[in-house]
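As stored in model_27.cif (mmCIF, C-alpha atoms):
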```cif
data_run
#
loop_
_atom_site.group_PDB
_atom_site.id
_atom_site.type_symbol
_atom_site.label_atom_id
_atom_site.label_comp_id
_atom_site.auth_asym_id
_atom_site.auth_seq_id
_atom_site.Cartn_x
_atom_site.Cartn_y
_atom_site.Cartn_z
ATOM 1 C CA MET A 9 -7.253 -5.888 -6.507
ATOM 2 C CA ASN A 10 -3.547 -6.181 -7.224
ATOM 3 C CA THR A 11 -2.336 -9.414 -5.577
ATOM 4 C CA ALA A 12 1.382 -8.754 -6.147
ATOM 5 C CA LEU A 13 2.945 -8.063 -2.756
ATOM 6 C CA PRO A 14 5.877 -5.640 -2.473
ATOM 7 C CA PRO A 15 9.240 -7.393 -1.922
ATOM 8 C CA GLU A 16 9.689 -5.842 1.526
ATOM 9 C CA VAL A 17 6.295 -7.241 2.584
ATOM 10 C CA VAL A 18 7.203 -10.722 1.301
ATOM 11 C CA LEU A 19 10.426 -10.682 3.311
ATOM 12 C CA ALA A 20 8.639 -9.476 6.463
ATOM 13 C CA VAL A 21 5.928 -12.133 6.236
ATOM 14 C CA GLU A 22 8.476 -14.879 5.626
ATOM 15 C CA ALA A 23 10.390 -13.761 8.710
ATOM 16 C CA ALA A 24 7.288 -13.579 10.913
ATOM 17 C CA LEU A 25 5.564 -16.660 9.512
ATOM 18 C CA PRO A 26 8.156 -19.064 8.019
ATOM 19 C CA THR A 27 5.559 -21.607 6.851
ATOM 20 C CA ALA A 28 3.463 -19.034 4.980
ATOM 21 C CA ARG A 29 2.609 -19.952 1.392
ATOM 22 C CA LEU A 30 2.639 -16.511 -0.117
ATOM 23 C CA GLU A 31 2.286 -17.890 -3.624
ATOM 24 C CA ASP A 32 -1.218 -19.013 -2.561
ATOM 25 C CA ALA A 33 -2.216 -15.713 -0.931
ATOM 26 C CA THR A 34 -5.593 -14.421 -2.099
ATOM 27 C CA PRO A 35 -7.239 -11.017 -1.699
ATOM 28 C CA LEU A 36 -9.847 -10.685 1.036
ATOM 29 C CA GLY A 37 -10.901 -7.146 0.222
ATOM 30 C CA GLU A 38 -9.926 -3.534 0.541
ATOM 31 C CA GLY A 39 -11.297 -0.433 2.204
ATOM 32 C CA TRP A 40 -10.463 3.231 2.133
ATOM 33 C CA SER A 41 -7.357 2.711 4.231
ATOM 34 C CA VAL A 42 -6.424 -0.985 4.271
ATOM 35 C CA ILE A 43 -5.856 -3.844 1.819
ATOM 36 C CA ALA A 44 -6.242 -7.386 3.196
ATOM 37 C CA TYR A 45 -5.002 -10.789 1.984
ATOM 38 C CA ARG A 46 -5.636 -14.359 3.135
ATOM 39 C CA VAL A 47 -2.328 -16.157 3.625
ATOM 40 C CA PRO A 48 -2.235 -19.964 4.082
ATOM 41 C CA ALA A 49 0.385 -21.425 6.440
ATOM 42 C CA ALA A 50 1.159 -24.790 7.995
ATOM 43 C CA ASP A 51 -0.736 -23.865 11.178
ATOM 44 C CA GLY A 52 -3.808 -22.452 9.448
ATOM 45 C CA ASP A 53 -4.797 -19.340 7.543
ATOM 46 C CA TRP A 54 -3.713 -15.824 8.468
ATOM 47 C CA VAL A 55 -4.781 -12.325 7.442
ATOM 48 C CA LEU A 56 -2.216 -9.859 6.129
ATOM 49 C CA ARG A 57 -3.357 -6.227 6.271
ATOM 50 C CA LEU A 58 -1.443 -3.388 4.645
ATOM 51 C CA GLN A 59 -2.042 0.347 4.910
ATOM 52 C CA ARG A 60 -3.047 1.942 1.630
ATOM 53 C CA ARG A 61 -0.401 4.494 0.676
ATOM 54 C CA THR A 62 -3.070 6.731 -0.854
ATOM 55 C CA SER A 63 -5.157 7.035 2.292
ATOM 56 C CA GLU A 64 -5.708 10.613 3.437
ATOM 57 C CA ARG A 65 -8.459 9.895 5.924
ATOM 58 C CA VAL A 66 -6.634 7.693 8.423
ATOM 59 C CA THR A 67 -2.997 7.630 9.420
ATOM 60 C CA GLY A 68 -1.473 5.010 11.648
ATOM 61 C CA GLU A 69 -4.669 3.007 12.165
ATOM 62 C CA LEU A 70 -2.912 -0.347 11.828
ATOM 63 C CA GLU A 71 -0.206 0.683 14.293
ATOM 64 C CA ARG A 72 -2.898 1.513 16.862
ATOM 65 C CA GLU A 73 -4.779 -1.675 16.054
ATOM 66 C CA VAL A 74 -1.769 -3.904 16.639
ATOM 67 C CA ALA A 75 -1.344 -2.348 20.095
ATOM 68 C CA LEU A 76 -5.027 -2.509 21.033
ATOM 69 C CA VAL A 77 -6.264 -5.865 19.747
ATOM 70 C CA PRO A 78 -3.869 -8.116 21.722
ATOM 71 C CA ARG A 79 -4.941 -6.269 24.886
ATOM 72 C CA LEU A 80 -8.579 -6.953 24.067
ATOM 73 C CA GLU A 81 -7.757 -10.589 23.306
ATOM 74 C CA ALA A 82 -6.132 -10.903 26.729
ATOM 75 C CA ARG A 83 -9.388 -9.677 28.284
ATOM 76 C CA GLY A 84 -11.311 -12.424 26.510
ATOM 77 C CA LEU A 85 -13.108 -10.272 23.963
ATOM 78 C CA PRO A 86 -13.950 -11.854 20.571
ATOM 79 C CA VAL A 87 -11.196 -10.256 18.474
ATOM 80 C CA PRO A 88 -8.633 -11.586 15.960
ATOM 81 C CA ARG A 89 -6.004 -13.732 17.669
ATOM 82 C CA ALA A 90 -2.229 -13.535 17.630
ATOM 83 C CA MET A 91 -2.030 -10.123 15.969
ATOM 84 C CA ARG A 92 1.506 -8.930 15.290
ATOM 85 C CA ALA A 93 3.205 -6.074 13.484
ATOM 86 C CA LEU A 94 5.297 -6.378 10.341
ATOM 87 C CA HIS A 95 8.365 -4.183 9.763
ATOM 88 C CA ASP A 96 10.851 -3.883 6.926
ATOM 89 C CA SER A 97 14.622 -4.293 7.336
ATOM 90 C CA ASP A 98 14.937 -0.665 8.473
ATOM 91 C CA GLY A 99 12.255 -1.052 11.123
ATOM 92 C CA ALA A 100 9.546 0.834 9.215
ATOM 93 C CA PHE A 101 5.998 -0.351 9.867
ATOM 94 C CA LEU A 102 4.413 -2.255 6.958
ATOM 95 C CA GLY A 103 1.225 -3.846 8.264
ATOM 96 C CA THR A 104 -0.152 -6.588 10.479
ATOM 97 C CA LEU A 105 -0.712 -10.324 10.601
ATOM 98 C CA HIS A 106 -3.385 -12.110 12.606
ATOM 99 C CA ARG A 107 -5.136 -15.443 12.508
ATOM 100 C CA LEU A 108 -8.096 -15.589 10.170
ATOM 101 C CA VAL A 109 -11.467 -15.250 11.865
ATOM 102 C CA GLU A 110 -13.490 -17.952 10.148
ATOM 103 C CA GLY A 111 -17.182 -17.459 9.553
ATOM 104 C CA ARG A 112 -19.871 -15.565 7.692
ATOM 105 C CA PRO A 113 -20.673 -11.857 7.826
ATOM 106 C CA ALA A 114 -23.519 -11.083 10.215
ATOM 107 C CA SER A 115 -25.686 -9.997 7.276
ATOM 108 C CA GLU A 116 -26.219 -13.729 6.684
ATOM 109 C CA ALA A 117 -27.601 -14.410 10.166
ATOM 110 C CA SER A 118 -30.794 -16.440 10.304
ATOM 111 C CA ARG A 119 -33.771 -15.252 12.368
ATOM 112 C CA GLY A 120 -32.736 -17.502 15.228
ATOM 113 C CA GLU A 121 -29.139 -16.351 15.014
ATOM 114 C CA ARG A 122 -30.185 -12.683 15.054
ATOM 115 C CA ALA A 123 -31.802 -13.076 18.470
ATOM 116 C CA GLN A 124 -28.638 -14.617 19.897
ATOM 117 C CA LEU A 125 -26.482 -12.124 18.011
ATOM 118 C CA ALA A 126 -28.328 -9.183 19.603
ATOM 119 C CA ALA A 127 -27.733 -10.621 23.066
ATOM 120 C CA GLU A 128 -24.043 -11.259 22.395
ATOM 121 C CA LEU A 129 -23.461 -7.836 20.853
ATOM 122 C CA GLY A 130 -25.116 -6.178 23.837
ATOM 123 C CA ALA A 131 -22.880 -8.107 26.221
ATOM 124 C CA PHE A 132 -19.806 -7.423 24.104
ATOM 125 C CA LEU A 133 -20.432 -3.675 24.005
ATOM 126 C CA ALA A 134 -21.089 -3.537 27.740
ATOM 127 C CA ARG A 135 -17.656 -5.077 28.344
ATOM 128 C CA LEU A 136 -15.917 -2.982 25.699
ATOM 129 C CA HIS A 137 -17.334 0.319 26.931
ATOM 130 C CA ALA A 138 -16.356 -0.508 30.513
ATOM 131 C CA LEU A 139 -12.633 -0.886 29.805
ATOM 132 C CA PRO A 140 -10.532 1.419 32.018
ATOM 133 C CA PHE A 141 -9.600 4.703 30.350
ATOM 134 C CA ASP A 142 -6.025 4.682 31.624
ATOM 135 C CA GLU A 143 -5.374 1.336 29.970
ATOM 136 C CA VAL A 144 -6.837 2.463 26.648
ATOM 137 C CA ARG A 145 -5.180 5.883 26.600
ATOM 138 C CA ALA A 146 -1.799 4.233 27.212
ATOM 139 C CA LEU A 147 -2.226 2.500 23.838
ATOM 140 C CA GLU A 148 -2.483 5.912 22.103
ATOM 141 C CA VAL A 149 -6.077 5.354 21.015
ATOM 142 C CA PRO A 150 -7.368 8.772 19.847
ATOM 143 C CA GLU A 151 -9.924 10.512 22.063
ATOM 144 C CA LEU A 152 -12.564 12.584 20.253
ATOM 145 C CA ASP A 153 -15.462 14.845 21.063
ATOM 146 C CA LEU A 154 -17.305 13.793 17.942
ATOM 147 C CA TRP A 155 -19.009 17.037 16.974
ATOM 148 C CA PRO A 156 -16.041 19.452 17.078
ATOM 149 C CA ASP A 157 -13.373 16.839 16.326
ATOM 150 C CA ARG A 158 -15.049 14.968 13.461
ATOM 151 C CA TYR A 159 -18.391 16.189 12.208
ATOM 152 C CA ALA A 160 -18.039 19.989 12.281
ATOM 153 C CA SER A 161 -15.218 20.096 9.732
ATOM 154 C CA MET A 162 -16.869 17.406 7.602
ATOM 155 C CA VAL A 163 -20.139 19.362 7.446
ATOM 156 C CA GLU A 164 -18.238 22.534 6.536
ATOM 157 C CA ALA A 165 -16.351 20.738 3.736
ATOM 158 C CA CYS A 166 -19.447 19.021 2.333
ATOM 159 C CA LEU A 167 -22.016 21.828 2.356
ATOM 160 C CA PRO A 168 -20.631 23.558 -0.777
ATOM 161 C CA LEU A 169 -20.916 20.256 -2.671
ATOM 162 C CA LEU A 170 -24.624 19.749 -1.939
ATOM 163 C CA GLY A 171 -27.692 20.826 -3.826
ATOM 164 C CA PRO A 172 -29.930 23.463 -2.223
ATOM 165 C CA ARG A 173 -32.433 21.013 -0.688
ATOM 166 C CA SER A 174 -29.743 18.710 0.692
ATOM 167 C CA ALA A 175 -27.801 21.660 2.086
ATOM 168 C CA ALA A 176 -30.936 23.065 3.741
ATOM 169 C CA TRP A 177 -31.760 19.653 5.261
ATOM 170 C CA LEU A 178 -28.226 19.158 6.542
ATOM 171 C CA THR A 179 -28.091 22.646 8.027
ATOM 172 C CA ALA A 180 -31.403 22.135 9.814
ATOM 173 C CA THR A 181 -30.346 18.689 11.069
ATOM 174 C CA VAL A 182 -27.094 20.043 12.458
ATOM 175 C CA GLU A 183 -28.778 23.066 14.049
ATOM 176 C CA ALA A 184 -31.346 20.851 15.791
ATOM 177 C CA PHE A 185 -28.635 18.475 16.995
ATOM 178 C CA ARG A 186 -26.506 21.274 18.415
ATOM 179 C CA ALA A 187 -29.507 23.032 19.980
ATOM 180 C CA ASP A 188 -30.241 19.802 21.845
ATOM 181 C CA GLY A 189 -26.718 19.724 23.278
ATOM 182 C CA GLY A 190 -24.705 18.068 20.508
ATOM 183 C CA THR A 191 -21.949 15.943 21.987
ATOM 184 C CA ALA A 192 -20.983 18.308 24.788
ATOM 185 C CA ASP A 193 -22.253 16.062 27.590
ATOM 186 C CA ALA A 194 -21.760 12.706 25.867
ATOM 187 C CA PRO A 195 -19.918 10.080 27.936
ATOM 188 C CA ARG A 196 -16.661 8.599 26.681
ATOM 189 C CA ALA A 197 -15.716 4.952 26.185
ATOM 190 C CA LEU A 198 -13.583 2.816 23.915
ATOM 191 C CA VAL A 199 -15.729 2.241 20.825
ATOM 192 C CA HIS A 200 -15.116 -0.033 17.848
ATOM 193 C CA GLY A 201 -16.405 2.674 15.516
ATOM 194 C CA ASP A 202 -17.594 0.498 12.615
ATOM 195 C CA LEU A 203 -19.776 -2.402 13.775
ATOM 196 C CA GLY A 204 -21.346 -3.111 10.413
ATOM 197 C CA PRO A 205 -22.320 -6.666 9.400
ATOM 198 C CA ALA A 206 -19.047 -7.240 7.513
ATOM 199 C CA HIS A 207 -17.044 -6.710 10.706
ATOM 200 C CA VAL A 208 -19.141 -9.056 12.856
ATOM 201 C CA ARG A 209 -18.352 -12.635 11.880
ATOM 202 C CA LEU A 210 -20.662 -15.562 12.651
ATOM 203 C CA ASP A 211 -19.382 -18.896 13.932
ATOM 204 C CA ASP A 212 -19.761 -21.770 11.454
ATOM 205 C CA THR A 213 -18.010 -24.421 13.546
ATOM 206 C CA GLY A 214 -21.077 -25.562 15.467
ATOM 207 C CA GLY A 215 -19.456 -24.650 18.774
ATOM 208 C CA THR A 216 -21.365 -23.884 21.962
ATOM 209 C CA GLU A 217 -19.682 -20.615 22.942
ATOM 210 C CA GLY A 218 -22.051 -18.408 20.956
ATOM 211 C CA VAL A 219 -22.919 -17.189 17.499
ATOM 212 C CA ILE A 220 -20.141 -14.563 17.209
ATOM 213 C CA ALA A 221 -16.851 -15.914 15.865
ATOM 214 C CA GLY A 222 -15.093 -12.564 16.141
ATOM 215 C CA ILE A 223 -15.256 -8.799 15.727
ATOM 216 C CA ILE A 224 -12.713 -7.679 13.126
ATOM 217 C CA ASP A 225 -11.223 -4.449 11.734
ATOM 218 C CA TRP A 226 -10.386 -2.309 14.763
ATOM 219 C CA GLY A 227 -8.691 0.492 12.832
ATOM 220 C CA ASP A 228 -11.537 2.942 13.569
ATOM 221 C CA ALA A 229 -11.430 2.353 17.336
ATOM 222 C CA ILE A 230 -11.468 5.581 19.330
ATOM 223 C CA ILE A 231 -12.361 6.880 22.759
ATOM 224 C CA ALA A 232 -15.642 8.676 22.103
ATOM 225 C CA ASP A 233 -19.400 8.663 22.598
ATOM 226 C CA PRO A 234 -20.559 5.021 23.072
ATOM 227 C CA ALA A 235 -23.703 5.909 21.093
ATOM 228 C CA LEU A 236 -21.485 5.754 17.992
ATOM 229 C CA ASP A 237 -21.288 1.959 18.208
ATOM 230 C CA PHE A 238 -25.080 1.745 18.343
ATOM 231 C CA ALA A 239 -25.285 4.093 15.369
ATOM 232 C CA THR A 240 -23.116 1.783 13.281
ATOM 233 C CA ILE A 241 -25.294 -1.184 14.303
ATOM 234 C CA TRP A 242 -28.411 0.862 13.448
ATOM 235 C CA HIS A 243 -26.953 1.775 10.055
ATOM 236 C CA GLY A 244 -25.881 -1.782 9.229
ATOM 237 C CA PHE A 245 -28.673 -3.878 10.765
ATOM 238 C CA GLY A 246 -31.643 -1.528 11.118
ATOM 239 C CA GLU A 247 -33.214 0.295 14.044
ATOM 240 C CA PRO A 248 -35.286 -2.629 15.466
ATOM 241 C CA PHE A 249 -32.193 -4.821 15.748
ATOM 242 C CA MET A 250 -30.242 -1.970 17.340
ATOM 243 C CA GLU A 251 -33.001 -1.602 19.945
ATOM 244 C CA ARG A 252 -32.678 -5.304 20.808
ATOM 245 C CA VAL A 253 -28.921 -4.922 21.220
ATOM 246 C CA LEU A 254 -29.473 -1.839 23.372
ATOM 247 C CA TRP A 255 -31.934 -3.716 25.614
ATOM 248 C CA HIS A 256 -29.314 -6.362 26.332
ATOM 249 C CA TYR A 257 -26.661 -3.682 26.803
ATOM 250 C CA GLU A 258 -28.762 -1.813 29.355
ATOM 251 C CA ALA A 259 -29.354 -5.059 31.241
ATOM 252 C CA ARG A 260 -25.605 -5.683 31.385
ATOM 253 C CA VAL A 261 -24.554 -2.174 32.417
ATOM 254 C CA GLY A 262 -27.366 -1.944 34.949
ATOM 255 C CA ARG A 263 -28.926 1.287 33.767
ATOM 256 C CA VAL A 264 -31.180 2.658 31.044
ATOM 257 C CA VAL A 265 -29.566 5.082 28.601
ATOM 258 C CA ASP A 266 -31.049 8.565 28.435
ATOM 259 C CA ARG A 267 -33.066 9.953 25.520
ATOM 260 C CA ARG A 268 -30.111 11.902 24.160
ATOM 261 C CA PHE A 269 -28.130 8.668 23.752
ATOM 262 C CA ARG A 270 -30.633 7.569 21.096
ATOM 263 C CA ASP A 271 -30.804 11.077 19.636
ATOM 264 C CA ARG A 272 -27.035 11.180 19.183
ATOM 265 C CA ALA A 273 -27.040 7.711 17.604
ATOM 266 C CA CYS A 274 -29.792 8.882 15.232
ATOM 267 C CA PHE A 275 -27.764 11.940 14.225
ATOM 268 C CA TYR A 276 -24.663 9.823 13.519
ATOM 269 C CA VAL A 277 -26.793 7.551 11.304
ATOM 270 C CA GLU A 278 -28.414 10.445 9.458
ATOM 271 C CA VAL A 279 -25.087 11.976 8.463
ATOM 272 C CA VAL A 280 -23.328 8.743 7.419
ATOM 273 C CA PRO A 281 -23.418 9.809 3.706
ATOM 274 C CA LEU A 282 -21.123 12.722 4.564
ATOM 275 C CA PHE A 283 -18.226 10.264 4.740
ATOM 276 C CA LEU A 284 -18.832 9.287 1.118
ATOM 277 C CA VAL A 285 -19.176 12.897 0.024
ATOM 278 C CA ARG A 286 -16.073 14.012 1.909
ATOM 279 C CA TYR A 287 -13.737 11.082 1.221
ATOM 280 C CA GLY A 288 -15.308 9.058 -1.613
ATOM 281 C CA HIS A 289 -13.261 10.787 -4.313
ATOM 282 C CA MET A 290 -10.044 9.227 -3.012
ATOM 283 C CA PHE A 291 -10.626 5.688 -4.272
ATOM 284 C CA ASP A 292 -13.774 5.622 -6.382
ATOM 285 C CA GLY A 293 -15.321 8.735 -7.854
ATOM 286 C CA GLY A 294 -18.723 7.048 -7.745
ATOM 287 C CA ASP A 295 -18.699 6.939 -3.963
ATOM 288 C CA ARG A 296 -19.174 10.704 -3.740
ATOM 289 C CA GLN A 297 -22.190 10.513 -6.050
ATOM 290 C CA VAL A 298 -23.674 7.754 -3.899
ATOM 291 C CA GLY A 299 -23.275 9.964 -0.844
ATOM 292 C CA LEU A 300 -24.896 12.915 -2.600
ATOM 293 C CA ARG A 301 -27.864 10.767 -3.654
ATOM 294 C CA GLN A 302 -28.263 9.409 -0.121
ATOM 295 C CA LEU A 303 -28.330 12.920 1.341
ATOM 296 C CA ALA A 304 -30.860 13.995 -1.283
ATOM 297 C CA ALA A 305 -33.037 11.027 -0.332
ATOM 298 C CA ARG A 306 -32.854 11.983 3.356
ATOM 299 C CA ALA A 307 -33.828 15.570 2.491
ATOM 300 C CA ALA A 308 -36.762 14.371 0.397
ATOM 301 C CA ALA A 309 -37.954 12.017 3.133
ATOM 302 C CA SER A 310 -37.808 14.849 5.664
ATOM 303 C CA THR A 311 -39.899 17.056 3.366
ATOM 304 C CA ARG A 312 -42.538 14.319 2.996
ATOM 305 C CA ARG A 313 -42.732 13.816 6.776
ATOM 306 C CA ALA A 314 -43.173 17.559 7.326
ATOM 307 C CA ALA A 315 -46.006 17.667 4.774
ATOM 308 C CA ARG A 316 -48.095 14.998 6.500
#
```

Just dump the structure as structure tokens.
Amino acid sequence: MNTALPPEVVLAVEAALPTARLEDATPLGEGWSVIAYRVPAADGDWVLRLQRRTSERVTGELEREVALVPRLEARGLPVPRAMRALHDSDGAFLGTLHRLVEGRPASEASRGERAQLAAELGAFLARLHALPFDEVRALEVPELDLWPDRYASMVEACLPLLGPRSAAWLTATVEAFRADGGTADAPRALVHGDLGPAHVRLDDTGGTEGVIAGIIDWGDAIIADPALDFATIWHGFGEPFMERVLWHYEARVGRVVDRRFRDRACFYVEVVPLFLVRYGHMFDGGDRQVGLRQLAARAAASTRRAAR
């Protein structure tokens, strides 16, 4: 990763955080849309996040994030603290700053921590999904019906890139999903949209408040089917762990989710490789090949199950 910050970013950070030691800034990582740096300062470490100029997939995600996350912080949810926007001298948006969420990724959770983590994630999602729509919509969080607004166009774009078996499997999967109702009757809630282990940080301070130190990276937050959050947990942690989170969630919301909730989550997990096929060429040509191999593996697994 290139650690040289553009001059306009340096000036903006110095204005927002006068004690920042930018000469000691180190890269934290980068995704398809965002590049992140760890910035030391007199009052502790901060995270600087900048939108990738080459991103085609997401526009304005950091602007939405800087409006949403402070509202979630005010409601006591475990999110990055003190998030603020950075602008250049002409007022153009550059990125965000927030306090570093210390801790390990949830992939490093011990067996004992996983039990507590499932309970805390279930409680967190119950609170998140219950946030009032009017409050969330006022922050310009996008609202999607996931099949027509996200997956339909992605399937159409990816099908010509697939081999015959993968294309046949994907077509059959989509047809079965739509025949069962698709997303037409799915409820809507504010969802994080990417609750993988890297975005769930574990507390290393030995505190008594719980195992979760914070939930980071809110750029994919949307108003959509709440089953999407369980799909991302399923994809990142496995189905048994997702079921434990869902049990705690149902206890908190006071109702049992219907069968189609799980079916929709399963569909979202099955078609995760489409994101690599559709967008992987933008930053790493190998990502598309990974997606194609994952779809081929799903098609092969489906053929083996049918033959039993």

Neighbour list for A:Phe269 as a PyMOL selection string, cut-off 8 Å, all atoms listed in the file, skip fewer than 3 positions in-chain: chain A and resi 194+235+265-266+272-273

Within 12 Å of file point (-33.6, -2.5, 17.7), counting all atoms listed in the file, expressed as a PyMOL selection string: chain A and resi 122-123+125-127+129-130+238-239+241-257+270

Write out as a PyMOL selection string the residues lying within 8 Å of A:Gln59, counting all atoms listed in the file and excluding same-chain residues fewer than 6 positions away. chain A and resi 41-43+70+102-103

Nearest residue to A:Asp157 out of A:Ala12, A:Leu300, A:Ala33, A:Ile230, using only C-alpha atoms?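 Of the candidates, the smallest distance to A:Asp157 is held by A:Ile230.
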
Using all atoms listed in the file, which of A:Arg89, A:Arg173, A:Arg186, A:Arg286 sits nearest A:Leu303?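 Checking each of A:Arg89, A:Arg173, A:Arg186, A:Arg286 against A:Leu303, counting all atoms listed in the file, the winner is A:Arg173.
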
Given only C-alpha atoms, how would the per-residue table for stretch 208-263 of chain A near stretch 136-149 of chain A read, listing every residue at most 9 Å away with its closest atom pair and distance in Å to one decimal, sorted by chain and number, as JSON lines?
```
{"residue": "A:Ala229", "atom": "CA", "partner": "A:Val149", "partner_atom": "CA", "distance": 7.2}
{"residue": "A:Ile230", "atom": "CA", "partner": "A:Val149", "partner_atom": "CA", "distance": 5.7}
{"residue": "A:Ile231", "atom": "CA", "partner": "A:Val149", "partner_atom": "CA", "distance": 6.7}
{"residue": "A:Pro234", "atom": "CA", "partner": "A:His137", "partner_atom": "CA", "distance": 6.9}
{"residue": "A:Val261", "atom": "CA", "partner": "A:Ala138", "partner_atom": "CA", "distance": 8.6}
```

Here is a test: counting all atoms listed in the file, which residue of A:Arg72, A:Arg29, A:Arg301, A:Arg57 is nearest to A:Gly171?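 Closest residue, counting all atoms listed in the file: A:Arg301.
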
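Minimum atom-to-atom distance to A:Ala175, evaluated using all atoms listed in the file, belongs to A:Ala304 out of A:Leu152, A:Ala309, A:Ala304, A:Leu210.
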
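The two atoms in question, atom CA of A:Gly288 and atom CA of A:Leu203, are spaced 19.7 Å apart.
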
Identify the residues within 8 Å of coordinate (-18.9, -10.2, 22.2) (same frame as the file), considering all atoms listed in the file, and give the answer as a ChimeraX atom specification. /A:85-86,128-133,220,222-223

Show me, as lines of an AutoDock Vina configuration file, the centre and edge lengths in Å to one decimal of the axis-aligned box that covers every listed atom of stretch 278-285 of chain A with 5 Å on each side.
```
center_x = -23.3
center_y = 10.8
center_z = 4.7
size_x = 20.2
size_y = 14.2
size_z = 19.4
```
